[in-house]
file data_33.txt (compact mmCIF, C-alpha atoms and all ligand atoms)
# COMPACT_ATOMS: atom_id res chain seq x y z
CA MET A 25 14.50 16.33 -19.73
CA SER A 26 11.32 16.81 -21.80
CA GLY A 27 9.01 19.79 -21.42
CA LEU A 28 6.69 17.59 -19.36
CA PRO A 29 5.87 18.46 -15.75
CA THR A 30 7.90 16.51 -13.19
CA VAL A 31 6.24 14.24 -10.65
CA VAL A 32 8.27 12.98 -7.69
CA VAL A 33 7.35 9.47 -6.56
CA THR A 34 8.53 8.12 -3.21
CA GLY A 35 8.63 4.36 -2.64
CA ALA A 36 9.10 3.93 -6.40
CA THR A 37 11.12 0.73 -5.92
CA GLY A 38 8.24 -0.76 -3.92
CA ALA A 39 4.64 -1.89 -4.40
CA GLN A 40 2.68 1.36 -4.09
CA GLY A 41 5.19 3.85 -5.47
CA GLY A 42 6.22 1.39 -8.18
CA ALA A 43 2.65 1.04 -9.44
CA VAL A 44 2.18 4.81 -9.37
CA ALA A 45 5.49 5.54 -11.11
CA ARG A 46 4.85 2.99 -13.89
CA VAL A 47 1.41 4.34 -14.76
CA LEU A 48 2.55 7.98 -14.70
CA GLN A 49 5.56 7.08 -16.84
CA THR A 50 3.56 5.17 -19.47
CA SER A 51 0.92 7.94 -19.60
CA GLY A 52 3.48 10.06 -21.44
CA ARG A 53 2.19 13.10 -19.54
CA TRP A 54 4.80 13.24 -16.83
CA ASN A 55 8.52 13.26 -16.33
CA VAL A 56 8.76 10.77 -13.46
CA ARG A 57 11.44 11.25 -10.80
CA ALA A 58 11.73 8.10 -8.70
CA VAL A 59 13.06 8.46 -5.15
CA THR A 60 15.18 5.69 -3.62
CA ARG A 61 17.88 5.30 -1.00
CA LYS A 62 19.70 2.98 -3.40
CA PRO A 63 20.00 4.69 -6.79
CA GLU A 64 22.64 2.17 -7.88
CA GLY A 65 20.49 -0.83 -6.93
CA THR A 66 18.80 -3.31 -9.27
CA ALA A 67 15.30 -1.90 -8.77
CA ALA A 68 16.51 1.64 -9.50
CA GLY A 69 18.26 0.36 -12.64
CA ARG A 70 14.96 -1.06 -13.90
CA LEU A 71 13.24 2.29 -13.31
CA ARG A 72 16.01 4.13 -15.15
CA ARG A 73 15.82 1.74 -18.12
CA SER A 74 12.08 2.39 -18.36
CA GLY A 75 12.84 6.07 -18.86
CA MET A 76 12.33 7.48 -15.37
CA GLY A 77 14.73 9.77 -13.62
CA VAL A 78 16.13 8.29 -10.41
CA VAL A 79 17.22 10.43 -7.49
CA HIS A 80 18.73 9.58 -4.13
CA GLY A 81 16.42 10.46 -1.28
CA ASP A 82 15.97 9.24 2.30
CA LEU A 83 12.80 10.26 4.13
CA ASN A 84 14.85 10.25 7.34
CA ASP A 85 16.94 13.10 5.93
CA PRO A 86 15.69 16.51 7.15
CA ASP A 87 16.73 18.00 3.78
CA VAL A 88 15.09 15.35 1.62
CA GLY A 89 12.83 17.98 0.04
CA ALA A 90 15.77 20.02 -1.22
CA ALA A 91 17.28 16.83 -2.66
CA VAL A 92 14.28 15.50 -4.55
CA LEU A 93 11.77 18.31 -5.17
CA PRO A 94 13.46 20.98 -7.33
CA GLU A 95 11.33 21.92 -10.38
CA ALA A 96 8.65 19.37 -9.44
CA SER A 97 4.92 19.96 -10.03
CA ALA A 98 3.48 16.94 -8.22
CA LEU A 99 4.38 14.50 -5.44
CA PHE A 100 3.25 11.03 -4.35
CA VAL A 101 4.18 10.07 -0.79
CA VAL A 102 4.15 6.62 0.77
CA THR A 103 6.03 5.82 3.96
CA ASN A 104 7.04 2.34 5.01
CA PHE A 105 6.30 1.43 8.62
CA TRP A 106 7.73 -2.05 8.22
CA GLU A 107 11.41 -1.41 8.37
CA PRO A 108 13.53 0.11 11.09
CA GLN A 109 13.36 3.85 10.55
CA ARG A 110 15.05 6.68 12.36
CA HIS A 111 11.91 8.80 12.29
CA SER A 112 8.22 8.01 12.56
CA GLU A 113 6.06 7.87 9.45
CA TYR A 114 4.46 11.09 10.68
CA VAL A 115 7.78 12.94 10.71
CA GLN A 116 8.89 11.42 7.41
CA GLY A 117 5.67 12.29 5.62
CA GLU A 118 5.19 15.72 7.17
CA ARG A 119 8.72 16.78 6.33
CA ILE A 120 8.55 16.07 2.61
CA ILE A 121 4.97 17.31 2.25
CA ASP A 122 5.78 20.55 4.10
CA ALA A 123 8.80 21.05 1.84
CA ALA A 124 6.61 20.46 -1.22
CA ILE A 125 3.99 22.96 -0.02
CA ALA A 126 6.70 25.52 0.74
CA ALA A 127 8.00 25.00 -2.81
CA GLY A 128 4.54 25.81 -4.21
CA ILE A 129 3.62 22.25 -5.21
CA ASP A 130 -0.17 21.94 -5.05
CA ASN A 131 -0.63 18.47 -6.53
CA ILE A 132 0.21 16.05 -3.70
CA VAL A 133 -1.14 12.57 -2.99
CA TYR A 134 -0.45 10.93 0.38
CA SER A 135 -1.03 7.24 1.06
CA THR A 136 -2.87 6.99 4.35
CA LEU A 137 -4.66 4.38 6.48
CA PRO A 138 -7.62 4.56 8.86
CA GLY A 139 -7.25 5.98 12.38
CA ILE A 140 -8.02 2.78 14.24
CA ALA A 141 -7.30 4.17 17.72
CA GLU A 142 -9.66 7.08 17.03
CA ILE A 143 -12.44 4.91 15.57
CA THR A 144 -12.31 2.46 18.48
CA GLY A 145 -11.85 5.08 21.22
CA GLY A 146 -8.35 3.77 21.95
CA GLU A 147 -9.44 0.18 22.41
CA LEU A 148 -7.40 -1.00 19.42
CA VAL A 149 -4.02 0.52 18.61
CA VAL A 150 -2.31 -0.08 15.26
CA PRO A 151 0.69 2.22 14.83
CA HIS A 152 1.12 1.60 11.08
CA CYS A 153 -2.43 2.87 10.60
CA ASP A 154 -2.68 5.43 13.41
CA GLY A 155 0.61 7.14 12.47
CA LYS A 156 -0.44 7.67 8.86
CA TYR A 157 -3.87 8.84 9.94
CA ALA A 158 -2.36 11.35 12.41
CA LEU A 159 -0.56 13.00 9.50
CA GLU A 160 -3.71 12.90 7.34
CA LYS A 161 -5.59 14.64 10.15
CA HIS A 162 -2.91 17.28 10.52
CA LEU A 163 -2.86 17.94 6.76
CA ARG A 164 -6.63 18.28 6.71
CA ALA A 165 -6.56 20.69 9.66
CA THR A 166 -4.03 22.89 7.91
CA GLY A 167 -6.02 22.83 4.65
CA ALA A 168 -3.03 21.57 2.69
CA ALA A 169 -3.50 20.89 -1.03
CA VAL A 170 -3.32 17.14 -0.56
CA ALA A 171 -5.44 14.21 -1.74
CA PHE A 172 -5.43 10.89 0.09
CA VAL A 173 -5.46 7.30 -1.08
CA GLN A 174 -6.21 4.56 1.42
CA PRO A 175 -5.37 1.05 0.23
CA ASP A 176 -6.94 -1.96 1.90
CA TRP A 177 -5.21 -5.35 2.27
CA TYR A 178 -3.15 -6.11 -0.85
CA PHE A 179 -4.06 -9.30 -2.76
CA GLN A 180 -0.28 -9.53 -3.19
CA ASN A 181 0.15 -10.25 0.56
CA TRP A 182 -1.01 -13.79 -0.25
CA HIS A 183 2.19 -14.48 -2.16
CA ALA A 184 4.63 -11.81 -0.96
CA VAL A 185 4.38 -11.56 2.83
CA PRO A 186 5.93 -14.50 4.73
CA ASN A 187 3.46 -14.54 7.63
CA PHE A 188 0.37 -14.32 5.45
CA ARG A 189 1.19 -16.03 2.16
CA LEU A 190 -0.10 -19.37 0.97
CA HIS A 191 2.20 -22.22 1.96
CA ARG A 192 2.16 -25.96 2.41
CA ALA A 193 1.48 -27.10 5.94
CA PRO A 194 3.38 -30.16 7.21
CA ASP A 195 0.41 -32.33 6.15
CA GLY A 196 0.85 -31.10 2.54
CA ALA A 197 -2.30 -28.98 2.49
CA VAL A 198 -2.16 -25.46 1.07
CA THR A 199 -2.87 -23.08 3.91
CA PHE A 200 -2.97 -19.40 4.81
CA ALA A 201 -3.52 -17.73 8.14
CA ASN A 202 -4.77 -14.55 9.76
CA ALA A 203 -6.65 -13.58 12.92
CA ILE A 204 -9.86 -12.30 11.32
CA GLY A 205 -11.85 -15.46 11.95
CA ASP A 206 -15.30 -15.21 10.34
CA GLY A 207 -14.96 -11.46 9.71
CA CYS A 208 -14.59 -9.84 6.30
CA LEU A 209 -11.33 -8.74 4.75
CA PRO A 210 -11.54 -5.76 2.34
CA ALA A 211 -8.79 -6.13 -0.26
CA VAL A 212 -7.40 -4.77 -3.52
CA ASP A 213 -4.83 -5.39 -6.24
CA ILE A 214 -2.27 -2.77 -5.18
CA GLU A 215 -1.40 -2.20 -8.85
CA ASP A 216 -4.73 -0.34 -9.00
CA ILE A 217 -3.22 2.50 -7.00
CA GLY A 218 -1.35 3.54 -10.18
CA PRO A 219 -4.29 4.51 -12.41
CA THR A 220 -6.10 6.01 -9.43
CA VAL A 221 -3.24 8.33 -8.48
CA ALA A 222 -2.77 9.25 -12.15
CA THR A 223 -6.44 10.28 -12.32
CA ILE A 224 -6.16 12.32 -9.13
CA MET A 225 -3.07 14.08 -10.41
CA GLU A 226 -4.84 15.05 -13.64
CA ASP A 227 -7.36 17.07 -11.62
CA PRO A 228 -5.95 17.88 -8.17
CA ALA A 229 -8.55 20.56 -7.43
CA ARG A 230 -11.32 17.96 -7.68
CA PHE A 231 -9.60 15.64 -5.21
CA ARG A 232 -8.19 18.17 -2.73
CA GLY A 233 -8.97 16.86 0.77
CA VAL A 234 -10.68 13.76 -0.65
CA THR A 235 -9.80 10.25 0.53
CA VAL A 236 -10.07 7.60 -2.17
CA ARG A 237 -10.32 4.21 -0.53
CA LEU A 238 -8.72 1.47 -2.64
CA VAL A 239 -10.87 -1.62 -2.21
CA SER A 240 -12.32 -4.02 -4.73
CA GLU A 241 -13.38 -7.11 -2.74
CA VAL A 242 -14.96 -7.81 0.63
CA ARG A 243 -14.98 -11.51 1.47
CA THR A 244 -14.40 -13.74 4.45
CA SER A 245 -11.12 -15.65 4.59
CA ALA A 246 -13.08 -18.87 3.99
CA GLU A 247 -14.46 -17.32 0.79
CA TYR A 248 -11.01 -16.25 -0.38
CA ALA A 249 -9.80 -19.80 0.39
CA ALA A 250 -12.58 -21.26 -1.76
CA ALA A 251 -11.61 -19.00 -4.67
CA PHE A 252 -7.95 -20.00 -4.29
CA ALA A 253 -8.95 -23.68 -4.23
CA ASP A 254 -11.05 -23.28 -7.36
CA ARG A 255 -8.21 -21.61 -9.32
CA LEU A 256 -5.33 -23.71 -7.95
CA GLY A 257 -7.16 -27.00 -8.39
CA GLU A 258 -6.63 -28.32 -4.87
CA PRO A 259 -8.10 -27.64 -1.43
CA VAL A 260 -6.92 -24.48 0.33
CA ARG A 261 -7.34 -24.29 4.09
CA TYR A 262 -7.89 -21.04 5.97
CA GLN A 263 -6.14 -21.32 9.32
CA PRO A 264 -7.50 -18.83 11.89
CA ILE A 265 -4.90 -17.50 14.34
CA ALA A 266 -6.17 -16.89 17.88
CA ARG A 267 -6.08 -13.20 18.79
CA GLU A 268 -4.83 -14.15 22.25
CA ASP A 269 -1.79 -15.90 20.75
CA LEU A 270 -0.76 -12.75 18.86
CA LEU A 271 -1.41 -10.54 21.90
CA ALA A 272 0.74 -12.82 24.03
CA GLN A 273 3.69 -12.25 21.67
CA GLY A 274 3.49 -8.48 22.31
CA GLY A 275 5.17 -5.83 20.12
CA GLU A 276 4.27 -5.83 16.43
CA ALA A 277 2.33 -9.10 16.78
CA ALA A 278 0.03 -7.40 19.29
CA HIS A 279 -0.50 -4.51 16.87
CA LEU A 280 -1.33 -7.01 14.12
CA ALA A 281 -3.79 -8.63 16.52
CA ASP A 282 -5.53 -5.26 16.82
CA MET A 283 -5.43 -4.72 13.04
CA PHE A 284 -7.08 -8.10 12.44
CA GLU A 285 -9.60 -7.40 15.20
CA PHE A 286 -10.43 -4.11 13.45
CA PHE A 287 -11.02 -6.02 10.20
CA ARG A 288 -13.11 -8.62 12.06
CA ARG A 289 -15.37 -5.91 13.49
CA TYR A 290 -15.43 -3.38 10.66
CA GLY A 291 -14.15 -5.20 7.55
CA ALA A 292 -17.63 -5.47 6.04
CA ASP A 293 -18.19 -1.71 6.35
CA VAL A 294 -17.43 -0.81 2.77
CA THR A 295 -19.85 1.50 1.00
CA ALA A 296 -21.24 0.95 -2.49
CA GLU A 297 -19.52 4.17 -3.54
CA GLU A 298 -16.15 2.91 -2.28
CA LEU A 299 -16.62 -0.29 -4.25
CA GLU A 300 -18.01 1.32 -7.39
CA HIS A 301 -15.77 4.45 -7.18
CA PRO A 302 -17.57 6.48 -9.85
CA GLY A 303 -15.27 8.69 -11.91
CA LEU A 304 -12.20 6.64 -11.06
CA PRO A 305 -10.46 3.91 -13.08
CA ALA A 306 -11.72 0.31 -12.97
CA ARG A 307 -10.16 -2.05 -10.44
CA ARG A 308 -9.29 -5.70 -10.86
CA SER A 309 -11.52 -8.21 -9.10
CA PHE A 310 -9.93 -10.87 -6.90
CA ASP A 311 -10.92 -13.58 -9.38
CA ALA A 312 -9.34 -11.73 -12.32
CA TRP A 313 -6.19 -11.06 -10.29
CA LEU A 314 -6.02 -14.71 -9.29
CA ASP A 315 -6.41 -15.84 -12.90
CA ALA A 316 -3.45 -13.63 -13.83
CA ASN A 317 -1.36 -14.93 -10.93
CA VAL A 318 -2.06 -18.67 -10.88
CA ASP A 319 1.50 -19.38 -12.09
CA VAL A 320 2.94 -17.28 -9.27
CA PHE A 321 1.12 -19.46 -6.75
CA HIS A 322 2.06 -22.71 -8.49
CA ALA A 323 5.71 -21.63 -8.38
CA LEU A 324 5.39 -20.62 -4.72
CA LEU A 325 3.72 -23.84 -3.63
CA GLY A 326 5.49 -26.37 -5.85
CA ALA A 327 4.04 -29.80 -6.39
CA GLU A 328 2.04 -31.41 -3.63
CA PRO A 329 4.49 -33.52 -1.60
CA ALA A 330 3.90 -37.28 -1.58
CA MET A 331 2.18 -38.27 1.67
N1 LIG A 401 0.59 -4.75 2.68
C1 LIG A 401 -0.62 -4.22 2.77
O1 LIG A 401 -1.64 -4.92 2.67
C2 LIG A 401 -0.75 -2.73 2.99
C3 LIG A 401 -2.02 -2.16 2.85
C4 LIG A 401 -2.16 -0.78 3.04
C5 LIG A 401 -1.04 -0.01 3.36
N2 LIG A 401 0.18 -0.62 3.49
C6 LIG A 401 1.34 0.26 3.85
O2 LIG A 401 2.23 0.29 2.74
C7 LIG A 401 3.47 0.83 3.23
C8 LIG A 401 4.60 0.22 2.45
O3 LIG A 401 4.42 0.47 1.08
P1 LIG A 401 4.76 -0.64 0.00
O4 LIG A 401 3.92 -1.82 0.24
O5 LIG A 401 4.77 0.02 -1.31
O6 LIG A 401 6.25 -1.02 0.48
P2 LIG A 401 7.39 -1.91 -0.19
O7 LIG A 401 6.95 -2.57 -1.44
O8 LIG A 401 7.96 -2.76 0.91
O9 LIG A 401 8.48 -0.80 -0.56
C9 LIG A 401 8.95 0.08 0.43
C10 LIG A 401 9.42 1.35 -0.27
O10 LIG A 401 9.69 2.35 0.72
C11 LIG A 401 10.92 2.96 0.40
N3 LIG A 401 11.51 3.46 1.65
C12 LIG A 401 11.51 2.83 2.85
N4 LIG A 401 12.14 3.62 3.76
C13 LIG A 401 12.53 4.75 3.11
C14 LIG A 401 13.22 5.93 3.50
N5 LIG A 401 13.67 6.09 4.75
N6 LIG A 401 13.42 6.89 2.57
C15 LIG A 401 13.01 6.73 1.30
N7 LIG A 401 12.34 5.63 0.87
C16 LIG A 401 12.12 4.66 1.76
C17 LIG A 401 11.72 1.87 -0.27
O11 LIG A 401 12.68 2.50 -1.12
P3 LIG A 401 14.25 2.08 -1.22
O12 LIG A 401 14.44 0.81 -0.42
O13 LIG A 401 14.48 1.90 -2.70
O14 LIG A 401 14.95 3.25 -0.66
C18 LIG A 401 10.67 1.14 -1.09
O15 LIG A 401 10.49 1.73 -2.34
C19 LIG A 401 3.53 0.47 4.72
O16 LIG A 401 3.70 1.62 5.49
C20 LIG A 401 2.19 -0.24 5.00
O17 LIG A 401 1.66 0.14 6.25
C21 LIG A 401 0.35 -1.94 3.28
call {"tool": "encode", "arguments": {"input": "data_33.txt", "output": "structure tokens"}}
result
Amino acid sequence: MSGLPTVVVTGATGAQGGAVARVLQTSGRWNVRAVTRKPEGTAAGRLRRSGMGVVHGDLNDPDVGAAVLPEASALFVVTNFWEPQRHSEYVQGERIIDAAIAAGIDNIVYSTLPGIAEITGGELVVPHCDGKYALEKHLRATGAAVAFVQPDWYFQNWHAVPNFRLHRAPDGAVTFANAIGDGCLPAVDIEDIGPTVATIMEDPARFRGVTVRLVSEVRTSAEYAAAFADRLGEPVRYQPIAREDLLAQGGEAAHLADMFEFFRRYGADVTAEELEHPGLPARRSFDAWLDANVDVFHALLGAEPAM
């Protein structure tokens, strides 16, 4: 294509990779190569029409690096815990990052999460966090030329994720649920990952081995509910879920119970530097994001049913 350097973006049809790919593409500084398992799909078509290259790649494929990395100068990696995968996130991420390092790519950003089992001495276990963190730890130990981004709870979960989004309860009230209780939930507009990764990739030496936490708000669920109510013009009820109920379900529900318990205990532990992120692009506040998304919530919730 152009004489621009090529950046390979995994997860480009999804939330994180999509935000990264769009910002890198519109910067005009990169030739973006979007990785997907469905290059003929609708999402891939949109990426192609916006000017990106689209390449077939499956992180379960041992040779994925050979398929997607030729001639590349930079790589963004996100793995998706939340669908049945043949290999763990650790194996998926390690494989493509190792292939990139072997190919001489020294501008790599990996999307990680905190090591909850390590922080809590094994008391809480959250595989979608602990697996990513295990790879982060390994990459740090080997001194790999990798920077890390660590997104907190997406604002978008409140309209996109069935178990957590706003909905109308049988009594007609707008409601959302989680098991954090009175604890704080650190959160971010996941679109903000795009400008942040673009900044990191402009100066990889500065960010080598650095973790940039992506957080812009720290509020209790009751406080988020009040902000929703204010913008949506009707009461919004926060419905706490009992930790014991999630634990009793076992499996992924039990892991979510531990994730929420981690937020309940440690959610308020966000430093001023993490919130102010000097030298990194501005992030959208929850209120500004809500203002821009009021129509999305009105469409989701419909009119209040007659009682
Ligand atoms: N929701 C949150 O609040 C939150 C916060 C922090 C971190 N996270 C983490 O975010 C990750 C998911 O990222 P997301 O939200 O961007 O996901 P998403 O919007 O659901 O998109 C998932 C992406 O992963 C790609 N993908 C999945 N399996 C693949 C495979 N085997 N090979 C190649 N590509 C594959 C999909 O590509 P194709 O289908 O096109 O192949 C798609 O682009 C999860 O691991 C989660 O733990 C979520």
call {"tool": "residues_around", "arguments": {"input": "data_33.txt", "residues": "A:Thr235", "least_positions_apart": "5", "cutoff": "7 Å", "atoms": "only C-alpha atoms", "output": "list in words"}}
result
Ala171, Phe172, Val173 and Gln174 of chain A
call {"tool": "atom_distance", "arguments": {"input": "data_33.txt", "atom1": "atom CA of A:Asn131", "atom2": "atom CA of A:Ile143"}}
result
28.5 Å
call {"tool": "residues_around", "arguments": {"input": "data_33.txt", "residues": "A:Ser112", "least_positions_apart": "3", "cutoff": "10 Å", "atoms": "only C-alpha atoms", "output": "number ranges by chain"}}
result
A: 83-84, 103-105, 108-109, 115-118, 151-152, 155-156
call {"tool": "atom_distance", "arguments": {"input": "data_33.txt", "atom1": "atom CA of A:His162", "atom2": "atom CA of A:Ile121"}}
result
11.4 Å
call {"tool": "atom_distance", "arguments": {"input": "data_33.txt", "atom1": "atom CA of A:Arg192", "atom2": "atom CA of A:Gly207"}}
result
23.6 Å
call {"tool": "closest_atom_pairs", "arguments": {"input": "data_33.txt", "of": "chain A", "to": "ligand LIG 401 (chain A)", "cutoff": "7 Å", "atoms": "all atoms listed in the file", "output": "tab-separated table"}}
result
residue	atom	partner	partner_atom	distance
A:Thr34	CA	A:LIG401	N7	6.1
A:Gly35	CA	A:LIG401	O15	3.2
A:Ala36	CA	A:LIG401	O15	4.8
A:Thr37	CA	A:LIG401	O15	3.8
A:Gly38	CA	A:LIG401	O7	3.3
A:Ala39	CA	A:LIG401	O5	3.6
A:Gln40	CA	A:LIG401	O5	3.7
A:Gly41	CA	A:LIG401	O5	5.7
A:Val59	CA	A:LIG401	C15	6.7
A:Thr60	CA	A:LIG401	O14	3.8
A:Arg61	CA	A:LIG401	O14	3.6
A:Lys62	CA	A:LIG401	O13	5.4
A:Gly81	CA	A:LIG401	C15	5.7
A:Asp82	CA	A:LIG401	N6	3.5
A:Leu83	CA	A:LIG401	N6	3.8
A:Asn84	CA	A:LIG401	N5	5.0
A:Val102	CA	A:LIG401	O3	6.2
A:Thr103	CA	A:LIG401	O16	5.0
A:Asn104	CA	A:LIG401	O16	3.5
A:Phe105	CA	A:LIG401	O16	4.1
A:Trp106	CA	A:LIG401	C19	6.0
A:Glu107	CA	A:LIG401	N4	6.9
A:Gln109	CA	A:LIG401	N5	6.2
A:Leu137	CA	A:LIG401	C5	6.5
A:His152	CA	A:LIG401	O17	5.1
A:Cys153	CA	A:LIG401	O17	6.6
A:Gln174	CA	A:LIG401	C4	6.9
A:Pro175	CA	A:LIG401	C4	4.6
A:Asp176	CA	A:LIG401	C3	5.0
A:Trp177	CA	A:LIG401	O1	3.6
A:Tyr178	CA	A:LIG401	O1	4.0
A:Asn181	CA	A:LIG401	N1	5.9
call {"tool": "closest_residue", "arguments": {"input": "data_33.txt", "among": "A:Thr220, A:Gln273, A:Thr199, A:Thr166", "to": "A:Ala249", "atoms": "only C-alpha atoms"}}
result
A:Thr199
call {"tool": "closest_residue", "arguments": {"input": "data_33.txt", "among": "A:Pro94, A:Gly233, A:Pro138, A:Pro228", "to": "A:Gly291", "atoms": "only C-alpha atoms"}}
result
A:Pro138
call {"tool": "closest_atom_pairs", "arguments": {"input": "data_33.txt", "of": "stretch 203-269 of chain A", "to": "stretch 308-312 of chain A", "cutoff": "9 Å", "atoms": "all atoms listed in the file", "output": "tab-separated table"}}
result
residue	atom	partner	partner_atom	distance
A:Ala211	CA	A:Phe310	CA	8.2
A:Val212	CA	A:Phe310	CA	7.4
A:Asp213	CA	A:Arg308	CA	6.4
A:Glu215	CA	A:Arg308	CA	8.9
A:Asp216	CA	A:Arg308	CA	7.3
A:Ser240	CA	A:Ser309	CA	6.1
A:Glu241	CA	A:Phe310	CA	6.6
A:Tyr248	CA	A:Phe310	CA	8.5
A:Ala251	CA	A:Asp311	CA	7.2
A:Phe252	CA	A:Asp311	CA	8.7
A:Arg255	CA	A:Asp311	CA	8.5
call {"tool": "closest_residue", "arguments": {"input": "data_33.txt", "among": "A:Gly65, A:Pro210, A:Gly42, A:Pro186", "to": "A:Glu298", "atoms": "all atoms listed in the file"}}
result
A:Pro210
call {"tool": "residues_around", "arguments": {"input": "data_33.txt", "residues": "A:Leu71", "least_positions_apart": "4", "cutoff": "9 Å", "atoms": "only C-alpha atoms", "output": "list in words"}}
result
Ala36, Thr37, Gly42, Ala45, Arg46, Ala58, Thr66, Ala67, Gly75, Met76, Gly77 and Val78 of chain A
call {"tool": "closest_residue", "arguments": {"input": "data_33.txt", "among": "A:Val150, A:Leu304, A:Leu238, A:Val170", "to": "A:Ala277", "atoms": "all atoms listed in the file"}}
result
A:Val150
call {"tool": "residues_around", "arguments": {"input": "data_33.txt", "residues": "A:Ile132", "least_positions_apart": "3", "cutoff": "12 Å", "atoms": "all atoms listed in the file", "output": "short mmCIF file (atom, residue, chain, number, x, y, z; two decimals) with C-alpha atoms, in the frame of the given file"}}
result
data_model
loop_
_atom_site.label_atom_id
_atom_site.label_comp_id
_atom_site.auth_asym_id
_atom_site.auth_seq_id
_atom_site.Cartn_x
_atom_site.Cartn_y
_atom_site.Cartn_z
CA VAL A 31 6.24 14.24 -10.65
CA VAL A 32 8.27 12.98 -7.69
CA VAL A 33 7.35 9.47 -6.56
CA THR A 34 8.53 8.12 -3.21
CA LEU A 93 11.77 18.31 -5.17
CA ALA A 96 8.65 19.37 -9.44
CA SER A 97 4.92 19.96 -10.03
CA ALA A 98 3.48 16.94 -8.22
CA LEU A 99 4.38 14.50 -5.44
CA PHE A 100 3.25 11.03 -4.35
CA VAL A 101 4.18 10.07 -0.79
CA VAL A 102 4.15 6.62 0.77
CA GLY A 117 5.67 12.29 5.62
CA GLU A 118 5.19 15.72 7.17
CA ILE A 120 8.55 16.07 2.61
CA ILE A 121 4.97 17.31 2.25
CA ASP A 122 5.78 20.55 4.10
CA ALA A 123 8.80 21.05 1.84
CA ALA A 124 6.61 20.46 -1.22
CA ILE A 125 3.99 22.96 -0.02
CA ALA A 127 8.00 25.00 -2.81
CA GLY A 128 4.54 25.81 -4.21
CA ILE A 129 3.62 22.25 -5.21
CA SER A 135 -1.03 7.24 1.06
CA LEU A 163 -2.86 17.94 6.76
CA ALA A 168 -3.03 21.57 2.69
CA ALA A 169 -3.50 20.89 -1.03
CA VAL A 170 -3.32 17.14 -0.56
CA ALA A 171 -5.44 14.21 -1.74
CA PHE A 172 -5.43 10.89 0.09
CA VAL A 173 -5.46 7.30 -1.08
CA VAL A 221 -3.24 8.33 -8.48
CA ALA A 222 -2.77 9.25 -12.15
CA ILE A 224 -6.16 12.32 -9.13
CA MET A 225 -3.07 14.08 -10.41
CA GLU A 226 -4.84 15.05 -13.64
CA ASP A 227 -7.36 17.07 -11.62
CA PRO A 228 -5.95 17.88 -8.17
CA ALA A 229 -8.55 20.56 -7.43
CA PHE A 231 -9.60 15.64 -5.21
CA ARG A 232 -8.19 18.17 -2.73
CA GLY A 233 -8.97 16.86 0.77
CA VAL A 234 -10.68 13.76 -0.65
#
call {"tool": "residues_around", "arguments": {"input": "data_33.txt", "residues": "A:Glu285", "least_positions_apart": "4", "cutoff": "8 Å", "atoms": "only C-alpha atoms", "output": "JSON list (two decimals) with C-alpha atoms, in the frame of the given file"}}
result
[["chain", "number", "residue", "atom", "x", "y", "z"],
["A", 148, "LEU", "CA", -7.40, -1.00, 19.42],
["A", 203, "ALA", "CA", -6.65, -13.58, 12.92],
["A", 204, "ILE", "CA", -9.86, -12.30, 11.32],
["A", 267, "ARG", "CA", -6.08, -13.20, 18.79],
["A", 281, "ALA", "CA", -3.79, -8.63, 16.52],
["A", 289, "ARG", "CA", -15.37, -5.91, 13.49]]
call {"tool": "closest_residue", "arguments": {"input": "data_33.txt", "among": "A:Thr136, A:Asn187, A:Thr223, A:Gln49", "to": "A:Pro29", "atoms": "all atoms listed in the file"}}
result
A:Gln49
